Every structure is written in structure tokens, then in C-alpha cells.
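Data from upload_20.txt: compact mmCIF, C-alpha atoms
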# COMPACT_ATOMS: atom_id res chain seq x y z
CA LEU A 12 90.70 36.86 58.63
CA LEU A 13 89.56 33.35 57.70
CA LEU A 14 85.90 34.28 58.14
CA GLY A 15 86.37 37.35 55.98
CA LEU A 16 88.10 35.25 53.35
CA LEU A 17 85.24 32.76 53.30
CA ILE A 18 82.72 35.57 52.96
CA LEU A 19 84.68 37.07 50.08
CA LEU A 20 85.01 33.70 48.39
CA GLY A 21 81.33 32.99 48.90
CA GLY A 22 80.42 36.33 47.39
CA SER A 23 82.73 35.80 44.43
CA LEU A 24 81.27 32.33 43.82
CA GLN A 25 77.72 33.70 43.86
CA MET A 26 78.70 36.43 41.41
CA SER A 27 80.45 33.85 39.22
CA GLN A 28 77.40 31.60 39.20
CA ALA A 29 75.12 34.48 38.36
CA ARG A 30 77.40 35.63 35.54
CA ASP A 31 78.46 32.28 34.10
CA ALA A 32 76.33 29.33 35.19
CA GLN A 33 78.54 26.55 33.80
CA PRO A 34 79.08 23.08 35.24
CA LEU A 35 82.27 22.47 37.18
CA THR A 36 84.94 20.51 35.31
CA ILE A 37 88.49 19.43 36.16
CA GLN A 38 89.82 21.93 33.66
CA ARG A 39 87.74 24.73 35.11
CA VAL A 40 88.72 24.02 38.72
CA PHE A 41 92.45 23.46 38.16
CA GLY A 42 93.06 25.43 34.99
CA GLY A 43 94.31 28.60 36.67
CA GLY A 44 90.98 30.34 37.05
CA ALA A 45 89.27 31.91 40.03
CA PHE A 46 89.22 28.66 42.00
CA THR A 47 93.01 28.31 42.20
CA ARG A 48 94.16 31.81 43.00
CA GLY A 49 96.45 31.81 46.03
CA LEU A 50 96.38 34.28 48.87
CA PRO A 51 98.97 37.08 48.55
CA GLY A 52 102.12 36.26 50.53
CA TRP A 53 102.76 39.68 52.03
CA SER A 54 105.62 40.30 54.46
CA TRP A 55 107.02 43.50 55.98
CA ARG A 56 110.00 45.15 54.31
CA PRO A 57 112.62 45.67 57.05
CA GLY A 58 112.93 49.28 58.19
CA HIS A 59 110.03 50.45 56.02
CA ALA A 60 106.32 50.98 56.58
CA GLU A 61 105.37 48.87 53.58
CA MET A 62 104.80 45.24 52.73
CA VAL A 63 106.21 43.19 49.85
CA ARG A 64 105.30 40.02 48.00
CA LEU A 65 106.36 38.02 44.97
CA THR A 66 103.99 37.92 42.03
CA SER A 67 104.06 37.38 38.29
CA LYS A 68 102.54 39.06 35.27
CA GLY A 69 102.16 37.97 31.67
CA ARG A 70 102.23 34.58 30.01
CA GLY A 71 104.78 32.50 28.16
CA LYS A 72 107.90 34.41 27.15
CA GLU A 73 106.33 37.63 28.44
CA ARG A 74 105.94 36.27 31.96
CA ARG A 75 107.73 38.44 34.55
CA SER A 76 108.55 37.63 38.17
CA LEU A 77 108.11 40.78 40.23
CA LEU A 78 108.71 41.90 43.80
CA VAL A 79 105.95 44.39 44.52
CA ALA A 80 105.48 46.72 47.49
CA ARG A 81 102.49 48.41 49.05
CA SER A 82 102.10 50.65 52.06
CA PRO A 83 99.04 50.06 54.28
CA ASP A 84 97.38 53.31 53.19
CA ALA A 85 98.22 53.00 49.48
CA ALA A 86 95.51 52.39 46.92
CA ALA A 87 97.70 50.21 44.71
CA GLU A 88 100.92 48.23 44.81
CA ARG A 89 104.09 49.28 43.00
CA THR A 90 106.86 47.25 41.39
CA LEU A 91 109.94 47.31 43.57
CA LEU A 92 112.10 44.90 41.55
CA ASP A 93 111.76 42.95 38.30
CA LEU A 94 113.49 39.69 39.19
CA THR A 95 113.22 38.40 35.63
CA SER A 96 115.40 41.25 34.37
CA LEU A 97 118.23 40.08 36.67
CA ALA A 98 118.55 36.87 34.64
CA ALA A 99 120.60 38.78 32.04
CA LEU A 100 123.41 39.02 34.63
CA VAL A 101 123.68 35.22 34.80
CA PRO A 102 123.95 33.83 31.25
CA GLY A 103 123.34 30.18 30.55
CA PRO A 104 120.98 27.74 32.24
CA GLY A 105 122.36 28.35 35.73
CA VAL A 106 122.32 25.92 38.64
CA ARG A 107 119.25 24.45 40.28
CA THR A 108 118.95 25.74 43.86
CA ARG A 109 117.74 23.76 46.84
CA GLY A 110 116.09 24.70 50.09
CA ILE A 111 116.51 23.35 53.62
CA GLY A 112 114.30 20.45 54.65
CA ARG A 113 110.93 20.79 52.95
CA SER A 114 111.36 24.54 52.53
CA GLY A 115 111.95 25.84 49.04
CA ALA A 116 115.05 27.75 48.01
CA PRO A 117 114.93 31.47 48.90
CA ARG A 118 114.36 33.95 46.08
CA TYR A 119 115.89 36.84 48.03
CA ARG A 120 117.25 37.91 51.42
CA TRP A 121 116.90 41.44 52.79
CA GLN A 122 119.59 43.62 54.25
CA ALA A 123 118.66 44.50 57.83
CA ASP A 124 117.52 48.05 56.94
CA GLY A 125 115.60 46.99 53.83
CA LYS A 126 117.62 49.28 51.53
CA ALA A 127 119.21 46.38 49.64
CA LEU A 128 118.70 42.68 49.09
CA CYS A 129 120.47 39.58 47.85
CA ALA A 130 118.55 37.93 45.01
CA VAL A 131 119.12 34.30 44.02
CA VAL A 132 119.20 34.23 40.22
CA LYS A 133 119.74 30.90 38.42
CA GLY A 134 121.57 29.67 41.51
CA ASP A 135 123.92 32.65 41.78
CA LEU A 136 123.85 35.64 44.12
CA VAL A 137 123.04 39.12 42.81
CA TRP A 138 123.24 42.19 45.06
CA VAL A 139 120.56 44.83 44.51
CA ASP A 140 121.07 48.21 46.20
CA PHE A 141 117.96 50.36 45.81
CA LEU A 142 119.91 53.53 46.56
CA SER A 143 123.04 53.16 44.43
CA GLY A 144 121.48 51.72 41.32
CA ALA A 145 122.72 48.85 39.13
CA PRO A 146 122.57 45.27 40.46
CA ARG A 147 125.84 43.39 40.89
CA ARG A 148 126.51 39.68 40.35
CA LEU A 149 128.57 38.30 43.24
CA THR A 150 129.12 34.62 42.42
CA GLU A 151 129.86 32.43 39.42
CA THR A 152 129.44 28.81 40.36
CA LYS A 153 128.52 25.43 38.93
CA SER A 154 127.66 24.06 42.38
CA PRO A 155 124.42 24.76 44.25
CA ILE A 156 124.54 27.61 46.75
CA LEU A 157 122.57 26.99 49.94
CA ASP A 158 121.22 29.25 52.66
CA PRO A 159 122.56 32.74 51.73
CA ARG A 160 122.58 35.07 54.77
CA VAL A 161 123.26 38.82 54.64
CA SER A 162 125.43 40.20 57.44
CA PRO A 163 123.78 42.71 59.81
CA ASP A 164 125.89 45.55 58.39
CA GLY A 165 125.13 44.54 54.80
CA ARG A 166 128.80 44.23 53.87
CA HIS A 167 128.97 40.46 53.33
CA ILE A 168 126.85 37.47 52.39
CA ALA A 169 127.54 34.05 53.87
CA PHE A 170 126.50 30.91 52.02
CA THR A 171 127.19 27.19 51.91
CA ARG A 172 128.63 25.42 48.88
CA GLU A 173 129.76 21.80 48.71
CA HIS A 174 129.40 21.45 52.50
CA ASP A 175 131.69 24.36 53.36
CA LEU A 176 131.01 27.89 54.55
CA HIS A 177 131.85 30.76 52.16
CA VAL A 178 131.56 34.54 52.30
CA VAL A 179 131.54 37.25 49.64
CA ALA A 180 131.64 41.05 49.92
CA THR A 181 128.52 42.83 48.64
CA ASP A 182 130.57 45.62 47.04
CA GLY A 183 132.13 43.12 44.63
CA SER A 184 135.66 44.04 45.71
CA SER A 185 136.78 40.40 45.97
CA PRO A 186 135.65 36.95 44.86
CA PRO A 187 133.99 34.53 47.28
CA ARG A 188 136.33 32.82 49.73
CA ALA A 189 135.95 29.71 51.84
CA LEU A 190 135.94 30.07 55.63
CA THR A 191 135.95 26.30 56.23
CA THR A 192 137.57 23.41 54.36
CA GLY A 193 137.20 19.67 54.26
CA GLY A 194 133.40 19.55 54.21
CA THR A 195 131.90 16.31 52.86
CA PRO A 196 128.48 14.63 52.84
CA GLU A 197 129.72 12.74 55.93
CA VAL A 198 131.04 15.78 57.83
CA ARG A 199 128.97 18.82 56.90
CA ASN A 200 130.12 22.35 57.62
CA ALA A 201 127.25 24.88 57.70
CA SER A 202 125.07 22.27 56.03
CA LEU A 203 122.07 20.51 57.55
CA ASP A 204 120.91 16.94 57.24
CA TRP A 205 117.37 15.58 57.44
CA VAL A 206 116.94 15.53 61.24
CA TYR A 207 117.46 19.17 62.17
CA PRO A 208 115.10 20.86 59.68
CA GLU A 209 112.36 18.25 59.95
CA GLU A 210 112.34 17.42 63.66
CA LEU A 211 113.82 20.52 65.32
CA SER A 212 112.52 23.21 62.93
CA PHE A 213 115.98 24.46 61.96
CA ASP A 214 115.99 26.73 58.92
CA ARG A 215 119.70 27.61 58.98
CA ALA A 216 123.15 26.39 59.92
CA VAL A 217 124.88 29.82 60.00
CA TRP A 218 124.41 32.73 62.40
CA TRP A 219 125.98 36.18 61.94
CA ALA A 220 127.31 38.04 64.97
CA PRO A 221 125.42 41.32 65.47
CA ASN A 222 128.58 43.32 64.67
CA GLY A 223 129.13 41.37 61.45
CA GLN A 224 132.69 40.33 62.41
CA HIS A 225 132.17 36.61 63.11
CA LEU A 226 129.97 33.74 62.03
CA CYS A 227 128.82 30.76 64.04
CA TYR A 228 128.13 27.59 62.07
CA MET A 229 126.94 24.10 62.83
CA GLN A 230 128.96 21.03 61.87
CA LEU A 231 127.15 17.70 61.59
CA ASP A 232 129.13 14.45 61.69
CA GLU A 233 127.06 11.74 59.96
CA ARG A 234 129.64 8.95 59.98
CA LYS A 235 127.84 6.84 62.59
CA VAL A 236 124.37 7.42 61.13
CA PRO A 237 123.06 4.46 59.10
CA LYS A 238 122.11 4.98 55.48
CA HIS A 239 118.60 4.43 54.20
CA ARG A 240 117.47 4.13 50.58
CA LEU A 241 114.51 6.27 49.60
CA PRO A 242 112.67 4.84 46.58
CA ASN A 243 111.70 7.04 43.68
CA LEU A 244 107.98 6.33 43.45
CA MET A 245 107.80 8.10 40.10
CA GLY A 246 110.45 5.87 38.52
CA ARG A 247 109.79 2.73 36.51
CA ARG A 248 111.59 0.41 38.95
CA GLY A 249 111.51 2.45 42.13
CA GLU A 250 115.19 3.28 42.06
CA GLY A 251 116.06 5.86 44.66
CA ARG A 252 118.91 7.49 46.48
CA GLU A 253 120.67 6.76 49.74
CA MET A 254 120.70 9.24 52.57
CA TYR A 255 121.81 9.29 56.19
CA TYR A 256 118.64 8.55 58.13
CA PRO A 257 118.56 7.67 61.83
CA ARG A 258 115.62 5.43 62.61
CA ALA A 259 114.42 5.03 66.19
CA GLY A 260 117.37 3.90 68.29
CA ASP A 261 119.99 4.63 65.62
CA PRO A 262 122.81 7.10 66.29
CA ASN A 263 121.97 10.69 65.49
CA PRO A 264 124.43 13.01 63.72
CA ARG A 265 126.93 14.53 66.14
CA ALA A 266 126.46 18.29 66.21
CA ARG A 267 128.93 20.92 67.29
CA LEU A 268 129.22 24.68 66.83
CA GLY A 269 132.21 26.64 65.64
CA VAL A 270 132.91 30.38 65.32
CA VAL A 271 135.11 31.82 62.59
CA PRO A 272 136.09 35.45 61.75
CA VAL A 273 134.63 36.92 58.56
CA SER A 274 138.19 37.71 57.51
CA GLY A 275 139.12 34.04 57.80
CA GLY A 276 141.14 32.06 60.30
CA PRO A 277 140.90 29.01 62.54
CA THR A 278 137.58 27.89 63.97
CA VAL A 279 136.94 28.26 67.70
CA TRP A 280 134.82 25.28 68.76
CA LEU A 281 132.27 25.96 71.49
CA ASP A 282 132.47 23.80 74.59
CA LEU A 283 129.18 21.91 74.91
CA SER A 284 130.86 19.18 76.93
CA SER A 285 128.07 17.26 78.55
CA ASP A 286 127.45 13.54 78.25
CA LYS A 287 123.72 14.20 78.01
CA VAL A 288 123.83 16.56 75.03
CA GLU A 289 122.25 14.92 72.00
CA TYR A 290 120.69 17.86 70.18
CA VAL A 291 121.70 21.46 69.65
CA VAL A 292 118.19 22.89 69.73
CA ARG A 293 118.58 26.69 69.38
CA VAL A 294 121.42 29.18 68.82
CA ALA A 295 121.56 32.95 69.48
CA TRP A 296 124.24 35.65 69.75
CA THR A 297 124.34 38.06 72.66
CA PRO A 298 123.85 41.70 71.54
CA ASP A 299 127.49 42.60 72.20
CA SER A 300 128.73 39.71 69.99
CA SER A 301 130.84 38.32 72.85
CA HIS A 302 128.92 35.10 73.61
CA MET A 303 126.67 32.51 72.05
CA LEU A 304 123.59 31.24 73.85
CA VAL A 305 123.15 27.58 72.93
CA VAL A 306 120.13 25.49 73.93
CA THR A 307 120.82 21.74 74.14
CA MET A 308 118.70 18.70 74.97
CA ASP A 309 119.23 15.05 75.73
CA ARG A 310 117.95 12.30 73.43
CA LEU A 311 114.73 11.70 75.38
CA GLN A 312 114.08 15.47 75.42
CA GLN A 313 113.60 15.45 79.19
CA GLN A 314 116.67 17.58 80.03
CA LEU A 315 117.35 21.06 78.67
CA GLU A 316 120.26 23.43 79.21
CA VAL A 317 120.90 27.02 78.17
CA ILE A 318 124.65 27.44 77.82
CA ALA A 319 126.62 30.68 77.40
CA CYS A 320 129.75 30.13 75.29
CA ARG A 321 132.51 32.74 75.12
CA LEU A 322 133.58 33.79 71.64
CA SER A 323 137.26 34.23 72.44
CA ASP A 324 138.00 30.66 73.56
CA GLY A 325 134.73 28.71 73.43
CA ARG A 326 134.53 28.19 77.20
CA SER A 327 131.00 27.70 78.48
CA LEU A 328 128.75 28.18 81.50
CA VAL A 329 125.33 26.64 82.07
CA LEU A 330 122.85 29.47 82.69
CA ARG A 331 119.64 27.49 83.00
CA ARG A 332 118.52 23.89 83.44
CA GLU A 333 115.05 22.49 82.92
CA SER A 334 113.80 18.94 83.33
CA ASP A 335 110.53 17.07 82.91
CA LYS A 336 109.83 13.37 83.46
CA ALA A 337 107.64 13.29 80.36
CA TRP A 338 108.77 15.66 77.61
CA ILE A 339 110.14 19.15 76.94
CA ASP A 340 109.11 20.62 73.64
CA ALA A 341 111.85 22.41 71.71
CA PRO A 342 111.52 26.09 72.75
CA PRO A 343 111.78 29.17 70.53
CA THR A 344 115.19 30.77 70.13
CA PRO A 345 116.15 33.08 73.04
CA ARG A 346 115.27 36.59 71.94
CA PHE A 347 117.30 39.43 73.41
CA VAL A 348 115.32 42.61 74.13
CA SER A 349 118.24 44.46 75.78
CA ASP A 350 121.95 43.86 76.36
CA HIS A 351 121.28 41.69 79.42
CA GLN A 352 117.71 40.43 79.03
CA TYR A 353 116.13 37.87 76.76
CA LEU A 354 112.67 36.39 76.29
CA TRP A 355 112.23 32.72 77.10
CA ARG A 356 109.18 30.45 76.78
CA THR A 357 108.86 27.60 79.26
CA HIS A 358 106.35 25.44 81.12
CA ILE A 359 108.83 24.82 83.95
CA GLY A 360 108.63 27.04 87.00
CA ASP A 361 107.20 27.73 90.44
CA HIS A 362 103.57 27.21 89.49
CA GLU A 363 101.15 24.26 89.51
CA SER A 364 99.16 24.95 86.35
CA GLY A 365 101.81 23.67 83.98
CA ALA A 366 101.00 26.51 81.60
CA VAL A 367 103.46 27.52 78.94
CA ARG A 368 104.62 31.01 79.91
CA TRP A 369 106.91 33.74 78.64
CA VAL A 370 109.52 34.97 81.11
CA LEU A 371 112.07 37.78 80.90
CA VAL A 372 115.48 36.42 81.88
CA GLY A 373 118.32 38.61 83.16
CA THR A 374 121.94 37.65 82.49
CA GLU A 375 123.85 40.48 84.20
CA ASP A 376 125.88 38.08 86.36
CA GLN A 377 126.65 35.27 83.94
CA HIS A 378 129.55 34.03 86.05
CA LYS A 379 127.03 33.33 88.82
CA GLY A 380 124.31 31.93 86.55
CA ILE A 381 120.97 33.60 85.89
CA ALA A 382 120.56 36.77 87.96
CA SER A 383 116.76 36.92 87.79
CA TYR A 384 113.71 36.24 85.72
CA GLN A 385 110.29 37.86 85.60
CA VAL A 386 107.10 36.06 84.56
CA LEU A 387 105.26 37.95 81.82
CA THR A 388 102.20 35.83 81.02
CA PRO A 389 99.57 34.46 83.45
CA ASP A 390 99.11 30.86 84.56
CA HIS A 391 95.64 30.44 83.04
CA ILE A 392 96.88 31.05 79.46
CA ASP A 393 99.12 28.77 77.43
CA ALA A 394 101.34 31.26 75.64
CA GLY A 395 102.14 30.81 71.96
CA ARG A 396 104.24 33.07 69.74
CA MET A 397 105.60 36.36 71.04
CA LEU A 398 104.41 38.71 68.32
CA HIS A 399 105.97 41.97 69.48
CA PHE A 400 107.97 43.28 72.43
CA ASP A 401 108.60 46.99 72.97
CA ALA A 402 111.45 47.41 75.43
CA GLN A 403 110.93 51.18 75.75
CA GLU A 404 107.17 51.11 76.29
CA LYS A 405 107.39 47.87 78.31
CA THR A 406 104.51 46.36 76.35
CA PHE A 407 104.20 43.13 74.40
CA PHE A 408 101.74 41.13 72.32
CA PHE A 409 101.50 37.35 72.23
CA GLU A 410 99.26 34.55 71.04
CA GLY A 411 97.65 32.37 73.63
CA THR A 412 94.86 29.93 74.51
CA GLU A 413 93.03 30.16 77.82
CA HIS A 414 92.73 26.94 79.77
CA GLY A 415 89.49 25.12 79.05
CA LYS A 416 89.00 26.86 75.71
CA THR A 417 90.07 26.08 72.16
CA ASP A 418 90.28 29.47 70.47
CA ARG A 419 93.63 31.20 70.06
CA LEU A 420 93.60 34.93 70.82
CA ILE A 421 96.08 37.79 70.75
CA TYR A 422 96.83 39.30 74.17
CA ARG A 423 98.49 42.55 75.17
CA GLY A 424 100.55 42.80 78.33
CA THR A 425 103.07 44.91 80.17
CA VAL A 426 106.30 43.97 81.90
CA SER A 427 105.10 45.22 85.27
CA GLU A 428 101.64 43.67 85.35
CA GLU A 429 99.75 40.68 84.02
CA PRO A 430 98.35 41.00 80.50
CA GLY A 431 94.72 41.87 80.09
Can you give me the file's structure in the form of C-alpha cells?
Amino acid sequence: LLLGLLILLGGSLQMSQARDAQPLTIQRVFGGGAFTRGLPGWSWRPGHAEMVRLTSKGRGKERRSLLVARSPDAAAERTLLDLTSLAALVPGPGVRTRGIGRSGAPRYRWQADGKALCAVVKGDLVWVDFLSGAPRRLTETKSPILDPRVSPDGRHIAFTREHDLHVVATDGSSPPRALTTGGTPEVRNASLDWVYPEELSFDRAVWWAPNGQHLCYMQLDERKVPKHRLPNLMGRRGEGREMYYPRAGDPNPRARLGVVPVSGGPTVWLDLSSDKVEYVVRVAWTPDSSHMLVVTMDRLQQQLEVIACRLSDGRSLVLRRESDKAWIDAPPTPRFVSDHQYLWRTHIGDHESGAVRWVLVGTEDQHKGIASYQVLTPDHIDAGRMLHFDAQEKTFFFEGTEHGKTDRLIYRGTVSEEPG
């Protein structure tokens, strides 16, 4: 892809030079011409054989922000949604939205089947159903809304506002309601600090149960974390703002996980009771919505545990332990491929190569610990991302780098034999 891009760019530059042999200037390079055009940010529309991307057309007051779609065999893209037209539903200047960590604020979130989406318009949530017609404004707020998440059944949207978790029905039948109370900058409900997005690659603090009946959220207690002033380098005197920032050796925020019904009610706190737990590294629901799988690590990141926590009372059981005298990198989130099997990436195991491998873990007998696991990738390849897993065909695709080489390739494998 990169080679093809360079060839295309080289060809376009040669054509440009032949057509308009002008000297390069700052204005010409950075003035919005051919040298500064970005690559299209295509992504798959859920449940549909087409891709979508955000783009814009026109200039000045005529500029439109569009969500366009294109199927792989189509000759041209089509406009799926004019996001600019949704601004009429939210009069006034609106509220400035923020993202998590260094990530920008989302412009939209898909429903699981791709037939509807939640658009963020001037800081408010607008529900767009492509089957039923007119868009519907769901919130009216003067406070920033963070991290909107559509429920798997498309009936609700969860979001964070003023450090508390809220939910709103997508049919507009009721106003938003708070599921947690008492959130502050010191004790954050469903709201992340600096550490988790930047160091542990967290992009959320809320997880919907697969059946859409409960939400799990992270609470961060910052009260023991020292404050640090960040200077404003663009200001005249360098004035900045204070934030909770743990330097090396300082206390980290205390993290815990709670589960609350979408209808409201008391929080069930998950039992992660271990003196060694410093970080909640990954969170995943089991397919039947009865348990949470929580991955925790100690401060030195030499000890890792996979813990199953029961929804009803929060009681827990350690399913897997890993240790390394040097370092354990934060793993990907456990990915369930059936009711009792999930994909797990690890470099710990009964092999001498130390390769990072994907394994298929069985959890049929959770009260006895892990029932079994099957190695999927070979020892001579350090496995990267799992790109696709087909439980019916028993095939999968993953990125990997063979030992002694530097290029990253895509491999195909099967559950019953080593990938070729």
C-alpha cells in the first residue's frame, strides 16, 4: 500500500511539474493544494458491505461536512449523511467537545448493525436512523459530553457528563438520567485521567453488557495523586493549569470497576481484592452477560492476572496468572469467539522461543480455573494483531514478524494446524 502510494504520488508530482513548472513556496506547499491532501480515512460500516469516511465539500459558508459511503465494487462514493444539516437541531454555539487522552472527540458512533448512528453535533447527541427517517436530538446540555457509547441493541446511549455516567433512550421517550452520582475531578465515575489513555491505551471507561441490560464503568480515585502544573507555552507568561499527574514513584489513581443496571440502581463493585493490583489493564464482558473478565497488573508490570467477576454480586475468581522477571506488555482485550472461548495473546507458556503467540482459551469450568488452551500461532513468529477469526470455518488471519526478519506480514492459519 505504501509503495503504491509513493508511486502514485511520484506520478502526480511528475505530471504537476510537466504541467506547471513553478518553484516551491511555503504558500504552495501548505496552502491546501496537492501537497497537503490527506489519505481517505475509510472504515467498514457495521453489518454492511461498504466503507464510510468523513469528508467535506465547498468553501466558507457553503462548506459541508459529509459522511460518504462506497462499496468495494462501486465506481463512485455516495453521500450517506450531511452532518452539517444536523446543526439546525442544536441552535446556538453549542458546547466544545473533548476526546480521551490525545484522541479527538468522536463525530459519530454506529449502532451495532450499522442501520443507525449517534452523531455528536455542537456537543449534543443526535440519533440518526437511516430506516425511519428524521434525526432526533437526544440531549440539551451546557456541559461537555464525553465518550458516547451505543448499546448493543441500539436502544440506549451511555455517556459521561461532569464525571458521572448517564444514559438516554434513542427513541426520545425520556430525558437523560444519571446512573451514578457524586462524581468529581478527584473521584471520577466513567471518566479517565491522564494515565490510562496515555500509558495503557484505554479509549473508554464504560462497557455495555452484550444484552444491553447493564453497564460496567471504571472509577478513578485521584485523591492521593500529586498535582502538577502544565505551563501554557503559547501564553505570554506561561500560565497553565493543574492536573493530577503521577511522576515516577508517586501514587497512581486507584481504579475499581462497578456494574449498574441500565434502568438505574445501586452499583455492584467487582472484587479485585489483591494487594498486588495496581492497574486495571483490560475489561471484557462474557457473551452471556453474566461475568466480567478483568485483566490486572502490578506496578512493575511483572505480574498479570485474568479475573472472572460475577455480575450478580461482584465475587471473583482468578482464571489465569502470568509472570515475568523483566516485563509484561499490556495485552489486547480478551476477545470471545464463542460462549466459552476467547483469544489471548501472550509470550508466557511452555516454549523456549519467547515468541508472542495467540492462544485459544477455554473457560467451560470457571470454578476450577482455565479448562484448556490451544496454541494458534507458531514459535518462530512474533504475533501482532489478530485481524480476523472465523469460528465456523476455524480460520484466522493475523499480523506477525518472523524471527530474524524485520518485515511484518499477514498470515493465515487454522485452529487445528499451524498457520502457513
From A:Gly110, A:Arg74, A:Arg215, A:Val79, residue lying nearest Met62 in chain A [only C-alpha atoms]: A:Val79
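Using all atoms listed in the file, the shortest contact distance between Ala341 in chain A and any of A:His177, A:His358, A:Arg64, A:Arg326 is found at A:His358.
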Sphere at (123.4, 36.0, 61.1), radius 8 Å, counting only C-alpha atoms: residues as an MDAnalysis selection string: chainID A and resid 160:163 217:221 223 226
Arg107 in chain A environment, 10 Å, only C-alpha atoms, sequence neighbours closer than 2 positions dropped, as an MDAnalysis selection string: chainID A and resid 104:105 109 116 132:135 153:156
Since we have the selection now, will you write its residues out, keeping C-alpha atoms, as a PDB file, in the frame of the given file?
ATOM      1  CA  PRO A 104     120.980  27.740  32.240  1.00  0.00           C
ATOM      2  CA  GLY A 105     122.360  28.350  35.730  1.00  0.00           C
ATOM      3  CA  ARG A 109     117.740  23.760  46.840  1.00  0.00           C
ATOM      4  CA  ALA A 116     115.050  27.750  48.010  1.00  0.00           C
ATOM      5  CA  VAL A 132     119.200  34.230  40.220  1.00  0.00           C
ATOM      6  CA  LYS A 133     119.740  30.900  38.420  1.00  0.00           C
ATOM      7  CA  GLY A 134     121.570  29.670  41.510  1.00  0.00           C
ATOM      8  CA  ASP A 135     123.920  32.650  41.780  1.00  0.00           C
ATOM      9  CA  LYS A 153     128.520  25.430  38.930  1.00  0.00           C
ATOM     10  CA  SER A 154     127.660  24.060  42.380  1.00  0.00           C
ATOM     11  CA  PRO A 155     124.420  24.760  44.250  1.00  0.00           C
ATOM     12  CA  ILE A 156     124.540  27.610  46.750  1.00  0.00           C
TER      13      ILE A 156
END
Long-range neighbours of Val236 in chain A as a VMD selection string, 9 Å cut-off, all atoms listed in the file, 5 positions minimum in chain: chain A and resid 255 to 257 261 to 264
Interatomic distance (Å, one decimal) between CA of Arg147 in chain A and CA of Arg81 in chain A: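 Taking CA of Arg147 in chain A and CA of Arg81 in chain A, their separation equals 25.2 Å.
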Coordinates-based distance that separates CA of Arg234 in chain A from CA of Trp338 in chain A (Å, one decimal):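 Taking CA of Trp338 in chain A and CA of Arg234 in chain A, their separation equals 28.1 Å.
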Ala216 in chain A environment, 7 Å, all atoms listed in the file, sequence neighbours closer than 5 positions dropped, as a ChimeraX atom specification: /A:201-203,228-229
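Remark: for Thr388 in chain A, the closest of the candidate residues A:Leu128, A:Val426, A:Leu176, A:Leu78 is A:Val426 (distances computed over all atoms listed in the file).
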All residues 10 Å or closer to Asp393 in chain A, all atoms listed in the file, same chain fewer than 3 positions away omitted, as a ChimeraX atom specification: /A:357-358,364-369,388-390,410-414,419
Deliver the residues from the most recent selection as a file, using C-alpha atoms, as a PDB file, in the frame of the given file.
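Contents of the output file out-v4.pdb:
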ATOM      1  CA  THR A 357     108.860  27.600  79.260  1.00  0.00           C
ATOM      2  CA  HIS A 358     106.350  25.440  81.120  1.00  0.00           C
ATOM      3  CA  SER A 364      99.160  24.950  86.350  1.00  0.00           C
ATOM      4  CA  GLY A 365     101.810  23.670  83.980  1.00  0.00           C
ATOM      5  CA  ALA A 366     101.000  26.510  81.600  1.00  0.00           C
ATOM      6  CA  VAL A 367     103.460  27.520  78.940  1.00  0.00           C
ATOM      7  CA  ARG A 368     104.620  31.010  79.910  1.00  0.00           C
ATOM      8  CA  TRP A 369     106.910  33.740  78.640  1.00  0.00           C
ATOM      9  CA  THR A 388     102.200  35.830  81.020  1.00  0.00           C
ATOM     10  CA  PRO A 389      99.570  34.460  83.450  1.00  0.00           C
ATOM     11  CA  ASP A 390      99.110  30.860  84.560  1.00  0.00           C
ATOM     12  CA  GLU A 410      99.260  34.550  71.040  1.00  0.00           C
ATOM     13  CA  GLY A 411      97.650  32.370  73.630  1.00  0.00           C
ATOM     14  CA  THR A 412      94.860  29.930  74.510  1.00  0.00           C
ATOM     15  CA  GLU A 413      93.030  30.160  77.820  1.00  0.00           C
ATOM     16  CA  HIS A 414      92.730  26.940  79.770  1.00  0.00           C
ATOM     17  CA  ARG A 419      93.630  31.200  70.060  1.00  0.00           C
TER      18      ARG A 419
END
Minimum-distance residue to Glu253 in chain A, chosen among A:Arg75, A:Lys287, A:Arg118, A:Lys238 (using all atoms listed in the file):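 Smallest separation from Glu253 in chain A among the options: A:Lys238.
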When you get a chance, write out N, CA and C atoms for range 342-355 of chain A, as a PDB file, in the frame of the given file.
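Contents of the output file rebuild-v4.pdb:
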ATOM      1  N   PRO A 342     112.001  24.725  72.552  1.00  0.00           N
ATOM      2  CA  PRO A 342     111.520  26.090  72.750  1.00  0.00           C
ATOM      3  C   PRO A 342     111.908  26.991  71.586  1.00  0.00           C
ATOM      4  N   PRO A 343     111.307  28.183  71.501  1.00  0.00           N
ATOM      5  CA  PRO A 343     111.780  29.170  70.530  1.00  0.00           C
ATOM      6  C   PRO A 343     113.194  29.637  70.873  1.00  0.00           C
ATOM      7  N   THR A 344     113.852  30.241  69.914  1.00  0.00           N
ATOM      8  CA  THR A 344     115.190  30.770  70.130  1.00  0.00           C
ATOM      9  C   THR A 344     115.166  31.903  71.156  1.00  0.00           C
ATOM     10  N   PRO A 345     116.097  31.928  72.122  1.00  0.00           N
ATOM     11  CA  PRO A 345     116.150  33.080  73.040  1.00  0.00           C
ATOM     12  C   PRO A 345     116.229  34.385  72.258  1.00  0.00           C
ATOM     13  N   ARG A 346     115.397  35.331  72.675  1.00  0.00           N
ATOM     14  CA  ARG A 346     115.270  36.590  71.940  1.00  0.00           C
ATOM     15  C   ARG A 346     115.666  37.741  72.849  1.00  0.00           C
ATOM     16  N   PHE A 347     116.822  38.339  72.572  1.00  0.00           N
ATOM     17  CA  PHE A 347     117.300  39.430  73.410  1.00  0.00           C
ATOM     18  C   PHE A 347     116.490  40.703  73.141  1.00  0.00           C
ATOM     19  N   VAL A 348     116.057  41.342  74.229  1.00  0.00           N
ATOM     20  CA  VAL A 348     115.320  42.610  74.130  1.00  0.00           C
ATOM     21  C   VAL A 348     116.147  43.761  74.702  1.00  0.00           C
ATOM     22  N   SER A 349     117.274  43.462  75.324  1.00  0.00           N
ATOM     23  CA  SER A 349     118.240  44.460  75.780  1.00  0.00           C
ATOM     24  C   SER A 349     119.588  43.742  75.871  1.00  0.00           C
ATOM     25  N   ASP A 350     120.619  44.459  76.295  1.00  0.00           N
ATOM     26  CA  ASP A 350     121.950  43.860  76.360  1.00  0.00           C
ATOM     27  C   ASP A 350     122.018  42.695  77.336  1.00  0.00           C
ATOM     28  N   HIS A 351     121.181  42.706  78.367  1.00  0.00           N
ATOM     29  CA  HIS A 351     121.280  41.690  79.420  1.00  0.00           C
ATOM     30  C   HIS A 351     119.944  41.044  79.743  1.00  0.00           C
ATOM     31  N   GLN A 352     118.998  41.069  78.809  1.00  0.00           N
ATOM     32  CA  GLN A 352     117.710  40.430  79.030  1.00  0.00           C
ATOM     33  C   GLN A 352     117.249  39.749  77.750  1.00  0.00           C
ATOM     34  N   TYR A 353     116.700  38.549  77.919  1.00  0.00           N
ATOM     35  CA  TYR A 353     116.130  37.870  76.760  1.00  0.00           C
ATOM     36  C   TYR A 353     114.803  37.223  77.142  1.00  0.00           C
ATOM     37  N   LEU A 354     113.965  37.032  76.115  1.00  0.00           N
ATOM     38  CA  LEU A 354     112.670  36.390  76.290  1.00  0.00           C
ATOM     39  C   LEU A 354     112.833  34.886  76.179  1.00  0.00           C
ATOM     40  N   TRP A 355     112.130  34.169  77.059  1.00  0.00           N
ATOM     41  CA  TRP A 355     112.230  32.720  77.100  1.00  0.00           C
ATOM     42  C   TRP A 355     110.849  32.128  77.354  1.00  0.00           C
TER      43      TRP A 355
END
